[in-house]
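Undergrad: File follows, target36.cif with mmCIF, N, CA and C atoms and all ligand atoms:
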```
data_final
loop_
_atom_site.group_PDB
_atom_site.id
_atom_site.type_symbol
_atom_site.label_atom_id
_atom_site.label_comp_id
_atom_site.auth_asym_id
_atom_site.auth_seq_id
_atom_site.Cartn_x
_atom_site.Cartn_y
_atom_site.Cartn_z
ATOM 1 N N MET W 1 43.856 65.993 47.904
ATOM 2 C CA MET W 1 42.659 66.702 47.488
ATOM 3 C C MET W 1 43.022 67.814 46.523
ATOM 4 N N GLY W 2 44.038 68.606 46.885
ATOM 5 C CA GLY W 2 44.467 69.703 46.025
ATOM 6 C C GLY W 2 44.946 69.201 44.684
ATOM 7 N N GLU W 3 45.658 68.068 44.678
ATOM 8 C CA GLU W 3 46.153 67.505 43.420
ATOM 9 C C GLU W 3 44.999 67.073 42.522
ATOM 10 N N LYS W 4 43.973 66.451 43.116
ATOM 11 C CA LYS W 4 42.824 66.014 42.330
ATOM 12 C C LYS W 4 42.090 67.204 41.745
ATOM 13 N N LEU W 5 41.963 68.261 42.544
ATOM 14 C CA LEU W 5 41.276 69.457 42.063
ATOM 15 C C LEU W 5 42.038 70.071 40.910
ATOM 16 N N GLN W 6 43.362 70.123 41.024
ATOM 17 C CA GLN W 6 44.177 70.673 39.949
ATOM 18 C C GLN W 6 44.020 69.826 38.690
ATOM 19 N N SER W 7 44.008 68.488 38.815
ATOM 20 C CA SER W 7 43.841 67.609 37.663
ATOM 21 C C SER W 7 42.501 67.849 36.996
ATOM 22 N N CYS W 8 41.485 68.050 37.791
ATOM 23 C CA CYS W 8 40.154 68.296 37.260
ATOM 24 C C CYS W 8 40.150 69.593 36.455
ATOM 25 N N HIS W 9 40.825 70.602 36.978
ATOM 26 C CA HIS W 9 40.896 71.876 36.259
ATOM 27 C C HIS W 9 41.657 71.713 34.953
ATOM 28 N N GLN W 10 42.736 70.933 34.983
ATOM 29 C CA GLN W 10 43.503 70.685 33.767
ATOM 30 C C GLN W 10 42.630 69.966 32.743
ATOM 31 N N PHE W 11 41.847 69.006 33.240
ATOM 32 C CA PHE W 11 40.973 68.241 32.369
ATOM 33 C C PHE W 11 39.930 69.144 31.713
ATOM 34 N N MET W 12 39.318 70.015 32.523
ATOM 35 C CA MET W 12 38.273 70.890 32.016
ATOM 36 C C MET W 12 38.823 71.963 31.082
ATOM 37 N N ALA W 13 40.113 72.251 31.199
ATOM 38 C CA ALA W 13 40.713 73.312 30.396
ATOM 39 C C ALA W 13 41.317 72.791 29.097
ATOM 40 N N MET W 14 41.050 71.531 28.773
ATOM 41 C CA MET W 14 41.646 70.955 27.561
ATOM 42 C C MET W 14 41.172 71.708 26.321
ATOM 43 N N ASP W 15 42.074 71.884 25.397
ATOM 44 C CA ASP W 15 41.719 72.589 24.167
ATOM 45 C C ASP W 15 41.174 71.609 23.125
ATOM 46 N N ILE W 16 40.606 72.147 22.092
ATOM 47 C CA ILE W 16 39.968 71.331 21.059
ATOM 48 C C ILE W 16 40.947 70.352 20.401
ATOM 49 N N PRO W 17 42.174 70.770 20.050
ATOM 50 C CA PRO W 17 43.095 69.793 19.448
ATOM 51 C C PRO W 17 43.372 68.599 20.341
ATOM 52 N N SER W 18 43.452 68.824 21.664
ATOM 53 C CA SER W 18 43.700 67.703 22.577
ATOM 54 C C SER W 18 42.527 66.739 22.581
ATOM 55 N N VAL W 19 41.315 67.280 22.571
ATOM 56 C CA VAL W 19 40.131 66.424 22.535
ATOM 57 C C VAL W 19 40.078 65.668 21.213
ATOM 58 N N ALA W 20 40.431 66.348 20.118
ATOM 59 C CA ALA W 20 40.437 65.700 18.811
ATOM 60 C C ALA W 20 41.427 64.546 18.783
ATOM 61 N N LEU W 21 42.581 64.740 19.434
ATOM 62 C CA LEU W 21 43.582 63.675 19.491
ATOM 63 C C LEU W 21 43.029 62.484 20.261
ATOM 64 N N MET W 22 42.329 62.753 21.360
ATOM 65 C CA MET W 22 41.749 61.659 22.139
ATOM 66 C C MET W 22 40.719 60.897 21.315
ATOM 67 N N ILE W 23 39.971 61.620 20.501
ATOM 68 C CA ILE W 23 38.986 60.946 19.658
ATOM 69 C C ILE W 23 39.693 60.013 18.680
ATOM 70 N N GLN W 24 40.811 60.464 18.128
ATOM 71 C CA GLN W 24 41.561 59.608 17.213
ATOM 72 C C GLN W 24 42.093 58.383 17.935
ATOM 73 N N VAL W 25 42.625 58.610 19.154
ATOM 74 C CA VAL W 25 43.144 57.495 19.949
ATOM 75 C C VAL W 25 42.022 56.530 20.279
ATOM 76 N N LYS W 26 40.828 57.068 20.554
ATOM 77 C CA LYS W 26 39.698 56.213 20.901
ATOM 78 C C LYS W 26 39.390 55.222 19.780
ATOM 79 N N GLY W 27 39.683 55.632 18.559
ATOM 80 C CA GLY W 27 39.441 54.727 17.442
ATOM 81 C C GLY W 27 40.157 53.405 17.601
ATOM 82 N N SER W 28 41.196 53.379 18.438
ATOM 83 C CA SER W 28 41.927 52.143 18.684
ATOM 84 C C SER W 28 41.524 51.525 20.021
ATOM 85 N N ASN W 29 40.356 51.899 20.559
ATOM 86 C CA ASN W 29 39.872 51.374 21.835
ATOM 87 C C ASN W 29 40.879 51.612 22.957
ATOM 88 N N ALA W 30 41.329 52.850 23.077
ATOM 89 C CA ALA W 30 42.374 53.187 24.039
ATOM 90 C C ALA W 30 42.003 52.852 25.474
ATOM 91 N N GLY W 31 40.731 52.896 25.826
ATOM 92 C CA GLY W 31 40.334 52.613 27.204
ATOM 93 C C GLY W 31 40.097 51.143 27.478
ATOM 94 N N ASP W 32 40.265 50.323 26.472
ATOM 95 C CA ASP W 32 39.996 48.885 26.607
ATOM 96 C C ASP W 32 41.169 48.200 27.296
ATOM 97 N N LEU W 33 41.076 48.031 28.602
ATOM 98 C CA LEU W 33 42.177 47.453 29.372
ATOM 99 C C LEU W 33 42.125 45.939 29.443
ATOM 100 N N ASN W 34 40.978 45.353 29.192
ATOM 101 C CA ASN W 34 40.874 43.892 29.324
ATOM 102 C C ASN W 34 40.775 43.172 27.982
ATOM 103 N N GLY W 35 40.933 43.931 26.886
ATOM 104 C CA GLY W 35 40.979 43.297 25.574
ATOM 105 C C GLY W 35 39.647 42.799 25.061
ATOM 106 N N SER W 36 38.559 43.343 25.579
ATOM 107 C CA SER W 36 37.222 42.891 25.155
ATOM 108 C C SER W 36 36.768 43.561 23.866
ATOM 109 N N GLY W 37 37.495 44.591 23.438
ATOM 110 C CA GLY W 37 37.124 45.294 22.218
ATOM 111 C C GLY W 37 36.254 46.512 22.458
ATOM 112 N N LYS W 38 35.924 46.768 23.713
ATOM 113 C CA LYS W 38 35.140 47.957 24.043
ATOM 114 C C LYS W 38 35.593 48.493 25.399
ATOM 115 N N THR W 39 35.252 49.742 25.651
ATOM 116 C CA THR W 39 35.608 50.381 26.917
ATOM 117 C C THR W 39 34.362 50.424 27.785
ATOM 118 N N ASP W 40 34.388 49.700 28.896
ATOM 119 C CA ASP W 40 33.192 49.609 29.732
ATOM 120 C C ASP W 40 33.550 49.498 31.207
ATOM 121 N N PHE W 41 32.570 49.111 31.998
ATOM 122 C CA PHE W 41 32.742 49.042 33.451
ATOM 123 C C PHE W 41 33.868 48.093 33.845
ATOM 124 N N PHE W 42 34.040 47.011 33.123
ATOM 125 C CA PHE W 42 35.066 46.042 33.480
ATOM 126 C C PHE W 42 36.466 46.634 33.318
ATOM 127 N N ASP W 43 36.604 47.552 32.375
ATOM 128 C CA ASP W 43 37.881 48.255 32.229
ATOM 129 C C ASP W 43 38.095 49.211 33.395
ATOM 130 N N PHE W 44 37.007 49.823 33.845
ATOM 131 C CA PHE W 44 37.098 50.694 35.016
ATOM 132 C C PHE W 44 37.553 49.903 36.236
ATOM 133 N N VAL W 45 37.018 48.702 36.403
ATOM 134 C CA VAL W 45 37.418 47.855 37.528
ATOM 135 C C VAL W 45 38.914 47.573 37.463
ATOM 136 N N LYS W 46 39.409 47.342 36.257
ATOM 137 C CA LYS W 46 40.838 47.072 36.105
ATOM 138 C C LYS W 46 41.659 48.316 36.438
ATOM 139 N N LEU W 47 41.181 49.456 35.962
ATOM 140 C CA LEU W 47 41.859 50.714 36.305
ATOM 141 C C LEU W 47 41.883 50.892 37.820
ATOM 142 N N ALA W 48 40.746 50.651 38.465
ATOM 143 C CA ALA W 48 40.643 50.824 39.923
ATOM 144 C C ALA W 48 41.572 49.873 40.667
ATOM 145 N N SER W 49 41.789 48.699 40.110
ATOM 146 C CA SER W 49 42.641 47.724 40.790
ATOM 147 C C SER W 49 44.099 48.189 40.842
ATOM 148 N N PHE W 50 44.457 49.120 39.976
ATOM 149 C CA PHE W 50 45.823 49.657 39.984
ATOM 150 C C PHE W 50 45.882 51.045 40.605
ATOM 151 N N TRP W 51 44.773 51.512 41.168
ATOM 152 C CA TRP W 51 44.689 52.873 41.701
ATOM 153 C C TRP W 51 45.791 53.138 42.718
ATOM 154 N N SER W 52 46.480 54.241 42.571
ATOM 155 C CA SER W 52 47.565 54.706 43.448
ATOM 156 C C SER W 52 48.856 53.916 43.279
ATOM 157 N N ASN W 53 48.903 52.966 42.365
ATOM 158 C CA ASN W 53 50.178 52.304 42.094
ATOM 159 C C ASN W 53 51.161 53.349 41.576
ATOM 160 N N SER W 54 52.378 53.269 42.046
ATOM 161 C CA SER W 54 53.376 54.250 41.606
ATOM 162 C C SER W 54 54.618 53.580 41.046
ATOM 163 N N ASP W 55 54.466 52.303 40.663
ATOM 164 C CA ASP W 55 55.609 51.591 40.089
ATOM 165 C C ASP W 55 55.331 51.148 38.655
ATOM 166 N N CYS W 56 54.509 51.902 37.947
ATOM 167 C CA CYS W 56 54.162 51.549 36.567
ATOM 168 C C CYS W 56 55.338 51.859 35.648
ATOM 169 N N GLY W 57 55.598 50.956 34.735
ATOM 170 C CA GLY W 57 56.702 51.147 33.797
ATOM 171 C C GLY W 57 56.678 50.094 32.715
ATOM 172 N N LEU W 58 57.736 50.053 31.942
ATOM 173 C CA LEU W 58 57.807 49.113 30.825
ATOM 174 C C LEU W 58 57.739 47.671 31.301
ATOM 175 N N ASP W 59 58.332 47.396 32.479
ATOM 176 C CA ASP W 59 58.385 46.016 32.958
ATOM 177 C C ASP W 59 57.012 45.453 33.314
ATOM 178 N N ASN W 60 56.056 46.298 33.670
ATOM 179 C CA ASN W 60 54.700 45.811 33.963
ATOM 180 C C ASN W 60 53.678 46.404 32.986
ATOM 181 N N PHE W 61 54.182 46.820 31.823
ATOM 182 C CA PHE W 61 53.333 47.372 30.750
ATOM 183 C C PHE W 61 52.472 48.527 31.265
ATOM 184 N N TRP W 62 53.149 49.436 32.013
ATOM 185 C CA TRP W 62 52.469 50.618 32.558
ATOM 186 C C TRP W 62 51.210 50.198 33.327
ATOM 187 N N CYS W 63 51.457 49.280 34.304
ATOM 188 C CA CYS W 63 50.371 48.762 35.151
ATOM 189 C C CYS W 63 49.243 48.221 34.267
ATOM 190 N N ASN W 64 49.653 47.373 33.344
ATOM 191 C CA ASN W 64 48.733 46.713 32.405
ATOM 192 C C ASN W 64 47.856 47.706 31.652
ATOM 193 N N GLY W 65 48.414 48.887 31.378
ATOM 194 C CA GLY W 65 47.713 49.883 30.580
ATOM 195 C C GLY W 65 46.948 50.908 31.385
ATOM 196 N N ALA W 66 46.790 50.681 32.694
ATOM 197 C CA ALA W 66 46.008 51.605 33.522
ATOM 198 C C ALA W 66 46.678 52.971 33.638
ATOM 199 N N ASP W 67 48.001 53.010 33.495
ATOM 200 C CA ASP W 67 48.715 54.289 33.526
ATOM 201 C C ASP W 67 48.665 54.889 32.115
ATOM 202 N N PHE W 68 47.524 55.458 31.773
ATOM 203 C CA PHE W 68 47.328 56.020 30.437
ATOM 204 C C PHE W 68 48.297 57.150 30.140
ATOM 205 N N THR W 69 48.668 57.918 31.181
ATOM 206 C CA THR W 69 49.531 59.083 30.965
ATOM 207 C C THR W 69 51.006 58.709 30.910
ATOM 208 N N ARG W 70 51.327 57.457 31.253
ATOM 209 C CA ARG W 70 52.703 56.974 31.220
ATOM 210 C C ARG W 70 53.634 57.824 32.081
ATOM 211 N N ASN W 71 53.147 58.216 33.253
ATOM 212 C CA ASN W 71 54.001 58.979 34.162
ATOM 213 C C ASN W 71 54.427 58.145 35.366
ATOM 214 N N GLY W 72 54.110 56.854 35.341
ATOM 215 C CA GLY W 72 54.577 55.957 36.387
ATOM 216 C C GLY W 72 53.583 55.685 37.497
ATOM 217 N N GLU W 73 52.465 56.398 37.503
ATOM 218 C CA GLU W 73 51.485 56.166 38.555
ATOM 219 C C GLU W 73 50.068 56.231 37.994
ATOM 220 N N VAL W 74 49.147 55.571 38.688
ATOM 221 C CA VAL W 74 47.736 55.577 38.293
ATOM 222 C C VAL W 74 46.997 56.519 39.236
ATOM 223 N N ASN W 75 46.498 57.605 38.677
ATOM 224 C CA ASN W 75 45.849 58.621 39.514
ATOM 225 C C ASN W 75 44.691 59.278 38.762
ATOM 226 N N SER W 76 44.259 60.420 39.252
ATOM 227 C CA SER W 76 43.088 61.085 38.679
ATOM 228 C C SER W 76 43.299 61.515 37.227
ATOM 229 N N ASP W 77 44.535 61.749 36.828
ATOM 230 C CA ASP W 77 44.789 62.084 35.422
ATOM 231 C C ASP W 77 44.427 60.901 34.523
ATOM 232 N N ASP W 78 44.753 59.693 34.980
ATOM 233 C CA ASP W 78 44.417 58.497 34.204
ATOM 234 C C ASP W 78 42.910 58.269 34.193
ATOM 235 N N LEU W 79 42.278 58.530 35.326
ATOM 236 C CA LEU W 79 40.820 58.404 35.390
ATOM 237 C C LEU W 79 40.154 59.387 34.424
ATOM 238 N N ALA W 80 40.680 60.604 34.359
ATOM 239 C CA ALA W 80 40.126 61.599 33.438
ATOM 240 C C ALA W 80 40.229 61.117 31.997
ATOM 241 N N LYS W 81 41.375 60.546 31.645
ATOM 242 C CA LYS W 81 41.526 60.014 30.287
ATOM 243 C C LYS W 81 40.556 58.865 30.049
ATOM 244 N N PHE W 82 40.419 57.992 31.039
ATOM 245 C CA PHE W 82 39.505 56.867 30.888
ATOM 246 C C PHE W 82 38.080 57.355 30.651
ATOM 247 N N ILE W 83 37.678 58.362 31.407
ATOM 248 C CA ILE W 83 36.321 58.903 31.257
ATOM 249 C C ILE W 83 36.110 59.432 29.841
ATOM 250 N N ILE W 84 37.092 60.136 29.314
ATOM 251 C CA ILE W 84 36.992 60.639 27.935
ATOM 252 C C ILE W 84 36.842 59.456 26.974
ATOM 253 N N TYR W 85 37.671 58.437 27.147
ATOM 254 C CA TYR W 85 37.579 57.270 26.261
ATOM 255 C C TYR W 85 36.196 56.635 26.353
ATOM 256 N N ARG W 86 35.691 56.532 27.575
ATOM 257 C CA ARG W 86 34.388 55.887 27.777
ATOM 258 C C ARG W 86 33.257 56.738 27.181
ATOM 259 N N LEU W 87 33.322 58.048 27.399
ATOM 260 C CA LEU W 87 32.270 58.912 26.893
ATOM 261 C C LEU W 87 32.238 58.902 25.375
ATOM 262 N N ILE W 88 33.405 58.919 24.769
ATOM 263 C CA ILE W 88 33.461 58.923 23.311
ATOM 264 C C ILE W 88 32.950 57.601 22.768
ATOM 265 N N GLY W 89 33.198 56.528 23.517
ATOM 266 C CA GLY W 89 32.790 55.211 23.044
ATOM 267 C C GLY W 89 31.375 54.844 23.438
ATOM 268 N N ALA W 90 30.698 55.717 24.225
ATOM 269 C CA ALA W 90 29.356 55.390 24.686
ATOM 270 C C ALA W 90 28.388 55.259 23.521
ATOM 271 N N GLU W 91 27.547 54.298 23.609
ATOM 272 C CA GLU W 91 26.569 54.071 22.526
ATOM 273 C C GLU W 91 25.169 54.384 23.026
HETATM 274 CA CA CA W 101 49.387 58.035 35.093
#
```
Take the structure in the file and write it out as structure tokens.
Ligand SMILES: [Ca+2]
TA:
Amino acid sequence: MGEKLQSCHQFMAMDIPSVALMIQVKGSNAGDLNGSGKTDFFDFVKLASFWSNSDCGLDNFWCNGADFTRNGEVNSDDLAKFIIYRLIGAE
């Protein structure tokens, strides 16, 4: 619980350059985990399927991309990034 709260605070405290970088990354459909060309609910399902995995790495393509932060595990930090990707891509 404490870790999730800390991640949320880190997410909310992001500076403008970091958000700008995410917008640039979004241009490449960064949240698109299933290769559909858009970031949507089906990508969230894929992210959720790897939730709490802690063996992400090069050999499994960072849990098939769900480990957005590339720190070896899928957690609230990755969810925060996914939400940013989804919000930016929302139509
Ligand atoms: Ca991660």
Undergrad: Against ligand CA 101 (chain W), which residues of chain W fall within 6.5 Å? For each one I want the closest pair of atoms and the distance in Å (one decimal), counting all atoms listed in the file, rows by chain and increasing residue number, as JSON lines.
TA:
```
{"residue": "W:Ala66", "atom": "C", "partner": "W:CA101", "partner_atom": "CA", "distance": 5.9}
{"residue": "W:Asp67", "atom": "CA", "partner": "W:CA101", "partner_atom": "CA", "distance": 4.1}
{"residue": "W:Phe68", "atom": "N", "partner": "W:CA101", "partner_atom": "CA", "distance": 4.6}
{"residue": "W:Thr69", "atom": "N", "partner": "W:CA101", "partner_atom": "CA", "distance": 4.0}
{"residue": "W:Arg70", "atom": "N", "partner": "W:CA101", "partner_atom": "CA", "distance": 4.3}
{"residue": "W:Asn71", "atom": "N", "partner": "W:CA101", "partner_atom": "CA", "distance": 4.2}
{"residue": "W:Gly72", "atom": "N", "partner": "W:CA101", "partner_atom": "CA", "distance": 4.9}
{"residue": "W:Glu73", "atom": "C", "partner": "W:CA101", "partner_atom": "CA", "distance": 3.5}
{"residue": "W:Val74", "atom": "CA", "partner": "W:CA101", "partner_atom": "CA", "distance": 4.4}
{"residue": "W:Asn75", "atom": "N", "partner": "W:CA101", "partner_atom": "CA", "distance": 4.6}
{"residue": "W:Asp77", "atom": "C", "partner": "W:CA101", "partner_atom": "CA", "distance": 5.8}
{"residue": "W:Asp78", "atom": "N", "partner": "W:CA101", "partner_atom": "CA", "distance": 4.9}
```
Undergrad: Could you work out how far atom CA of W:Gly37 lies from atom CA of W:Asn64, giving the answer in Å with one decimal?
TA: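 Those two atoms sit 15.5 Å apart.
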Undergrad: Which residues, written as a ChimeraX atom specification, have at least one atom at most 8 Å from stretch 38-45 of chain W, with all atoms listed in the file counted and residues fewer than 4 positions away on the same chain left out?
TA: /W:29-34,49-51,82,85-87,89-90
Undergrad: Can you tell me, as an NGL selection string, which residues in stretch 37-77 of chain W count as helix (DSSP H, G or I) by DSSP?
TA: :W and (41-49 or 58-64 or 76-77)
Undergrad: Report, as AutoDock Vina command-line options, the axis-aligned box around all atoms of stretch 78-84 of chain W present in the file, extended by 6 Å on each side; give centre and edge lengths in Å to one decimal place.
TA:
```
--center_x 40.4 --center_y 59.2 --center_z 31.2 --size_x 20.6 --size_y 16.7 --size_z 20.4
```
Undergrad: What separation in Å, quoted to one decimal, exists between atom C of W:Gly57 and atom C of W:Ile88?
TA: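 Separation of atom C of W:Gly57 and atom C of W:Ile88: 26.8 Å.
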Undergrad: Quick one, how far is atom N of W:Gly35 from atom C of W:Ala48?
TA: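 Between these atoms lies a distance of 15.0 Å.
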